[in-house]
file protein34.txt (compact mmCIF, C-alpha atoms)
# COMPACT_ATOMS: atom_id res chain seq x y z
CA MET A 1 158.23 2.27 75.79
CA GLY A 2 160.73 4.23 77.79
CA LYS A 3 160.25 7.32 79.86
CA TYR A 4 162.65 9.26 77.64
CA ASP A 5 161.51 8.08 74.22
CA LYS A 6 160.29 11.62 73.53
CA TYR A 7 163.87 12.83 73.31
CA PHE A 8 164.63 10.54 70.34
CA VAL A 9 163.25 12.58 67.49
CA LYS A 10 162.34 10.73 64.29
CA TYR A 11 160.72 13.07 61.83
CA GLY A 12 157.28 11.90 60.74
CA ILE A 13 157.47 8.83 62.98
CA ASN A 14 157.15 10.35 66.43
CA THR A 15 156.93 14.01 65.37
CA PRO A 16 154.38 15.75 63.15
CA LYS A 17 155.04 16.00 59.43
CA VAL A 18 154.72 19.43 57.87
CA ASP A 19 153.81 20.52 54.37
CA ASP A 20 157.26 21.05 52.85
CA MET A 21 158.72 20.38 49.41
CA ARG A 22 162.13 19.51 50.85
CA PRO A 23 163.23 16.00 51.89
CA LEU A 24 163.21 16.67 55.62
CA VAL A 25 165.17 14.63 58.14
CA ALA A 26 164.23 16.68 61.21
CA ARG A 27 162.12 19.63 62.18
CA MET A 28 162.40 20.66 65.80
CA ASP A 29 160.96 23.48 67.82
CA ASP A 30 159.35 24.19 71.16
CA SER A 31 156.14 22.46 70.07
CA VAL A 32 157.99 19.18 69.34
CA ALA A 33 160.18 19.18 72.45
CA LYS A 34 159.43 21.73 75.16
CA GLY A 35 162.34 24.11 75.47
CA SER A 36 163.92 23.26 72.14
CA ASN A 37 164.96 25.94 69.70
CA PHE A 38 164.05 25.68 66.02
CA TYR A 39 166.10 23.30 63.88
CA LEU A 40 165.53 22.06 60.36
CA VAL A 41 167.55 19.35 58.63
CA HIS A 42 167.08 18.32 55.01
CA TRP A 43 168.94 16.92 52.06
CA VAL A 44 169.62 19.02 49.00
CA ALA A 45 169.70 16.73 45.97
CA PRO A 46 170.54 17.34 42.29
CA GLY A 47 167.71 19.29 40.65
CA PHE A 48 166.68 21.09 43.85
CA GLY A 49 167.57 24.47 42.36
CA ASP A 50 165.15 23.92 39.48
CA ILE A 51 162.24 24.06 41.94
CA LEU A 52 163.24 27.56 42.97
CA GLY A 53 163.48 28.94 39.43
CA ASP A 54 166.28 30.08 37.16
CA TYR A 55 166.34 33.88 37.01
CA GLU A 56 168.19 36.67 38.81
CA TYR A 57 167.17 36.72 42.50
CA ALA A 58 165.28 33.41 42.28
CA GLY A 59 165.00 31.44 45.51
CA HIS A 60 163.90 32.02 49.09
CA PRO A 61 163.18 35.80 49.04
CA PRO A 62 165.00 38.34 51.28
CA HIS A 63 163.89 38.10 54.90
CA ILE A 64 164.85 38.41 58.56
CA HIS A 65 164.37 36.31 61.71
CA LYS A 66 164.02 37.60 65.26
CA SER A 67 166.70 35.19 66.45
CA ALA A 68 170.19 34.45 65.16
CA GLU A 69 170.50 31.64 62.67
CA LEU A 70 173.15 29.26 61.40
CA LEU A 71 172.84 27.83 57.91
CA MET A 72 175.04 24.75 57.65
CA HIS A 73 175.89 23.33 54.23
CA ILE A 74 177.66 19.99 54.77
CA GLY A 75 179.16 18.05 51.87
CA GLY A 76 178.29 14.34 51.70
CA ASP A 77 181.76 12.99 50.84
CA PRO A 78 183.67 12.00 54.01
CA ASP A 79 186.88 11.67 51.97
CA ASN A 80 186.57 15.35 50.99
CA PRO A 81 184.48 16.86 53.79
CA MET A 82 185.03 20.44 52.65
CA ASP A 83 183.83 19.77 49.12
CA LEU A 84 180.13 20.60 48.97
CA ASN A 85 179.77 19.07 45.51
CA ALA A 86 177.40 21.93 44.80
CA GLU A 87 177.46 25.66 44.18
CA ILE A 88 175.26 27.88 46.32
CA GLU A 89 174.21 31.46 45.71
CA MET A 90 173.34 33.65 48.69
CA TYR A 91 172.57 37.36 48.94
CA MET A 92 173.40 39.24 52.14
CA GLY A 93 172.18 42.51 53.63
CA PRO A 94 169.77 45.14 52.30
CA GLU A 95 172.31 45.75 49.52
CA LEU A 96 171.74 42.16 48.35
CA GLU A 97 175.48 41.53 48.25
CA ARG A 98 175.95 38.39 46.14
CA HIS A 99 178.03 35.45 47.41
CA THR A 100 178.66 32.04 45.88
CA PHE A 101 180.52 29.08 47.37
CA THR A 102 181.36 25.48 46.60
CA GLU A 103 182.84 24.42 49.96
CA SER A 104 181.11 23.06 53.05
CA THR A 105 180.07 26.35 54.68
CA ILE A 106 178.25 27.69 57.70
CA ILE A 107 176.61 31.08 57.29
CA TYR A 108 175.93 33.07 60.46
CA ILE A 109 172.86 35.29 60.30
CA PRO A 110 172.54 37.81 63.17
CA PRO A 111 169.07 38.65 64.56
CA ASN A 112 167.09 40.89 62.17
CA PHE A 113 169.79 40.66 59.48
CA ILE A 114 168.36 40.67 55.95
CA HIS A 115 169.50 37.64 53.98
CA SER A 116 168.60 35.62 50.87
CA PRO A 117 167.66 34.90 48.12
CA TRP A 118 169.35 31.53 48.65
CA ARG A 119 169.43 28.85 45.98
CA PRO A 120 171.66 26.10 44.64
CA LEU A 121 173.09 26.99 41.22
CA ARG A 122 174.10 23.34 40.75
CA VAL A 123 174.09 20.22 42.91
CA ASP A 124 176.39 17.41 41.75
CA LYS A 125 175.90 15.16 44.79
CA PRO A 126 173.41 15.39 47.66
CA PHE A 127 174.50 17.43 50.67
CA LEU A 128 172.99 18.05 54.09
CA PHE A 129 171.47 21.41 54.99
CA ILE A 130 171.03 22.14 58.69
CA GLU A 131 169.24 25.28 59.80
CA ILE A 132 169.72 26.23 63.43
CA ASN A 133 167.58 29.07 64.68
CA GLN A 134 168.49 30.29 68.13
CA GLY A 135 164.89 30.86 69.18
CA PRO A 136 161.99 28.56 70.14
CA GLU A 137 159.94 29.20 67.01
CA HIS A 138 160.62 29.99 63.39
CA THR A 139 159.90 33.65 62.71
CA GLU A 140 160.20 35.25 59.30
CA LYS A 141 159.53 38.69 57.82
CA PHE A 142 160.02 39.26 54.10
CA TYR A 143 161.39 42.29 52.24
CA PRO A 144 159.95 42.14 48.71
CA GLN A 145 160.72 45.85 48.27
CA LEU A 146 164.41 44.93 47.89
CA LEU A 147 163.81 42.92 44.73
CA PRO A 148 163.42 44.40 41.27
CA LYS A 149 159.84 44.31 40.01
CA GLU A 150 160.66 41.62 37.43
CA ALA A 151 161.85 39.25 40.15
CA ARG A 152 158.96 40.08 42.50
CA GLU A 153 156.43 39.22 39.84
CA LYS A 154 157.94 35.76 39.27
CA ILE A 155 157.66 34.74 42.92
CA ASP A 156 154.63 32.95 44.34
CA TRP A 157 154.33 35.06 47.49
CA SER A 158 151.70 32.72 48.96
CA MET A 159 154.65 30.40 49.65
CA TRP A 160 156.39 33.03 51.75
CA PRO A 161 154.05 34.48 54.41
CA ASP A 162 155.44 36.51 57.31
CA LYS A 163 155.48 34.41 60.50
CA GLY A 164 155.69 35.64 64.08
CA PHE A 165 155.90 39.34 63.22
CA MET B 1 171.19 62.37 71.98
CA PRO B 2 168.27 62.44 69.53
CA TYR B 3 167.87 59.97 66.68
CA LYS B 4 166.52 60.13 63.16
CA VAL B 5 165.39 57.79 60.40
CA THR B 6 167.60 58.09 57.32
CA ASP B 7 166.90 57.49 53.64
CA SER B 8 168.14 53.91 54.10
CA CYS B 9 164.75 53.09 55.64
CA LEU B 10 163.02 50.22 53.83
CA LYS B 11 159.63 51.36 55.15
CA CYS B 12 158.89 47.95 56.65
CA GLY B 13 157.37 49.40 59.83
CA TYR B 14 159.06 46.80 62.05
CA CYS B 15 160.40 49.50 64.39
CA ILE B 16 157.03 51.03 65.26
CA GLU B 17 155.95 48.48 67.85
CA ARG B 18 159.48 47.84 69.09
CA CYS B 19 160.21 51.34 70.32
CA PRO B 20 159.48 51.12 74.08
CA GLU B 21 158.40 54.77 74.20
CA GLY B 22 156.17 54.65 71.13
CA ALA B 23 158.28 57.43 69.67
CA ILE B 24 158.58 55.92 66.20
CA ILE B 25 155.53 57.18 64.39
CA ALA B 26 153.87 55.73 61.29
CA ASP B 27 153.56 58.19 58.43
CA GLU B 28 151.09 57.89 55.57
CA LYS B 29 151.52 54.59 53.76
CA GLU B 30 153.09 54.57 50.32
CA ASN B 31 152.48 52.33 47.34
CA MET B 32 155.36 50.85 45.36
CA ASP B 33 153.79 48.95 42.48
CA GLU B 34 151.68 46.35 44.29
CA LEU B 35 153.51 46.79 47.61
CA VAL B 36 152.28 48.90 50.51
CA LEU B 37 155.15 50.49 52.41
CA GLN B 38 155.15 52.08 55.85
CA PRO B 39 157.39 55.16 56.25
CA VAL B 40 158.12 56.33 59.78
CA HIS B 41 159.68 59.20 61.67
CA ILE B 42 160.92 59.63 65.21
CA ASP B 43 158.96 62.06 67.38
CA SER B 44 161.72 63.99 69.12
CA GLU B 45 159.44 64.95 72.01
CA MET B 46 158.39 61.38 72.76
CA CYS B 47 161.91 59.98 72.34
CA THR B 48 163.62 59.57 75.71
CA ASP B 49 167.04 58.89 74.22
CA CYS B 50 167.01 55.37 75.64
CA GLY B 51 169.08 54.24 72.65
CA VAL B 52 167.39 50.85 72.24
CA CYS B 53 166.87 51.55 68.53
CA VAL B 54 170.65 51.54 67.98
CA SER B 55 171.51 49.04 70.71
CA GLU B 56 171.95 46.08 68.36
CA GLU B 57 173.73 46.05 65.02
CA TYR B 58 170.53 45.20 63.14
CA TRP B 59 167.83 46.44 65.51
CA CYS B 60 166.69 48.21 62.37
CA PRO B 61 167.27 45.65 59.61
CA ALA B 62 168.33 48.45 57.26
CA GLN B 63 170.45 50.25 59.93
CA ALA B 64 168.44 53.31 59.03
CA ILE B 65 168.22 54.83 62.53
CA VAL B 66 171.18 57.00 63.51
CA ALA B 67 172.06 59.41 66.28
CA ILE B 68 172.02 63.09 65.44
CA ARG B 69 175.25 64.58 66.73
call {"tool": "encode", "arguments": {"input": "protein34.txt", "output": "structure tokens"}}
result
Amino acid sequence: MGKYDKYFVKYGINTPKVDDMRPLVARMDDSVAKGSNFYLVHWVAPGFGDILGDYEYAGHPPHIHKSAELLMHIGGDPDNPMDLNAEIEMYMGPELERHTFTESTIIYIPPNFIHSPWRPLRVDKPFLFIEINQGPEHTEKFYPQLLPKEAREKIDWSMWPDKGF
Amino acid sequence: MPYKVTDSCLKCGYCIERCPEGAIIADEKENMDELVLQPVHIDSEMCTDCGVCVSEEYWCPAQAIVAIR
């Protein structure tokens, strides 16, 4: 055992596992390593979008964080690093402006900026998703009032509690 | 320069506790289907024009607070 073993983070081996449906590779925050910001790393595999539903505005509902966030979508083919081999749908702002992309992409989310729903429309090959939150804990406040009633009623809101607000 | 809450307000109530002067006041709650919404207004006498509510692009997530010119 070395003095600095604690800085080598192996999810579920020397850090706590959390209840999460995603295949996590890392989940970091101030409670795992004092002083660390919040980071989440997971694979997105074919079929992942099916979990989130297939209707207009399905997916992680609109929300904000207190700190800025980077959402990194990194394709898994080193011969074509900009090909995500997937198509992602993301809504931005209180207007729910719809965006889709098929390239490796980083989305910058300013503090308190309303974003999502996010969901994969298709995933042909697994890609890495890295969430970098520029604060020591993961905060989240949801805006269900932005969604049409039909979409709100299809969402299991117990999965999406406000955190840190 | 006084400020006001516009119709863009999403009635989330996030601003109430963030105003350092306590000048953003909760109005009577509203129901939207099963949702409970929190309208607000700015008390012009309590507001000290510090400008914090417009100091960041998304201080109000809906950008619903504006200066009255």
call {"tool": "interface_residues", "arguments": {"input": "protein34.txt", "of": "chain B", "to": "chain A", "cutoff": "9 Å", "atoms": "all atoms listed in the file", "output": "list in words"}}
result
Leu10, Lys11, Cys12, Tyr14, Met32, Asp33, Leu35, Leu37, Glu56, Glu57, Tyr58, Trp59, Cys60, Pro61 and Ala62 of chain B
call {"tool": "residues_around", "arguments": {"input": "protein34.txt", "residues": "Thr102 of chain A", "least_positions_apart": "6", "cutoff": "6 Å", "atoms": "only C-alpha atoms", "output": "mmCIF file with C-alpha atoms, in the frame of the given file"}}
result
data_model
loop_
_atom_site.group_PDB
_atom_site.id
_atom_site.type_symbol
_atom_site.label_atom_id
_atom_site.label_comp_id
_atom_site.auth_asym_id
_atom_site.auth_seq_id
_atom_site.Cartn_x
_atom_site.Cartn_y
_atom_site.Cartn_z
ATOM 1 C CA LEU A 84 180.130 20.600 48.970
ATOM 2 C CA ALA A 86 177.400 21.930 44.800
ATOM 3 C CA GLU A 87 177.460 25.660 44.180
#
call {"tool": "atom_distance", "arguments": {"input": "protein34.txt", "atom1": "atom CA of Gly164 of chain A", "atom2": "atom CA of Phe8 of chain A"}}
result
27.4 Å
call {"tool": "residues_around", "arguments": {"input": "protein34.txt", "residues": "Ile65 of chain B", "least_positions_apart": "5", "cutoff": "7 Å", "atoms": "all atoms listed in the file", "output": "CSV table (one decimal) with C-alpha atoms, in the coordinates of the input"}}
result
chain,number,residue,atom,x,y,z
B,3,TYR,CA,167.9,60.0,66.7
B,4,LYS,CA,166.5,60.1,63.2
B,5,VAL,CA,165.4,57.8,60.4
B,6,THR,CA,167.6,58.1,57.3
B,53,CYS,CA,166.9,51.6,68.5
B,54,VAL,CA,170.6,51.5,68.0
B,60,CYS,CA,166.7,48.2,62.4
call {"tool": "residues_around", "arguments": {"input": "protein34.txt", "residues": "Trp43 of chain A", "least_positions_apart": "3", "cutoff": "7 Å", "atoms": "all atoms listed in the file", "output": "ChimeraX atom specification"}}
result
/A:23-24,126-129
call {"tool": "residues_around", "arguments": {"input": "protein34.txt", "residues": "Pro16 of chain A", "least_positions_apart": "5", "cutoff": "9 Å", "atoms": "only C-alpha atoms", "output": "short mmCIF file (atom, residue, chain, number, x, y, z; two decimals) with C-alpha atoms, keeping the file's coordinate frame"}}
result
data_model
loop_
_atom_site.label_atom_id
_atom_site.label_comp_id
_atom_site.auth_asym_id
_atom_site.auth_seq_id
_atom_site.Cartn_x
_atom_site.Cartn_y
_atom_site.Cartn_z
CA TYR A 11 160.72 13.07 61.83
CA ARG A 27 162.12 19.63 62.18
CA VAL A 32 157.99 19.18 69.34
#
call {"tool": "residues_around", "arguments": {"input": "protein34.txt", "residues": "Ile106 of chain A", "least_positions_apart": "3", "cutoff": "9 Å", "atoms": "only C-alpha atoms", "output": "PyMOL selection string"}}
result
chain A and resi 70-74
call {"tool": "atom_distance", "arguments": {"input": "protein34.txt", "atom1": "atom CA of Gly22 of chain B", "atom2": "atom CA of Gly51 of chain B"}}
result
13.0 Å
call {"tool": "atom_distance", "arguments": {"input": "protein34.txt", "atom1": "atom CA of Pro62 of chain A", "atom2": "atom CA of Lys163 of chain A"}}
result
13.8 Å
call {"tool": "closest_residue", "arguments": {"input": "protein34.txt", "among": "B:Cys47, B:Cys19, B:Ile25, B:Val40", "to": "Ala64 of chain B", "atoms": "only C-alpha atoms"}}
result
B:Val40
call {"tool": "closest_residue", "arguments": {"input": "protein34.txt", "among": "A:Leu121, A:Ile130, A:Met159, A:Met28", "to": "Gly53 of chain A", "atoms": "only C-alpha atoms"}}
result
A:Leu121
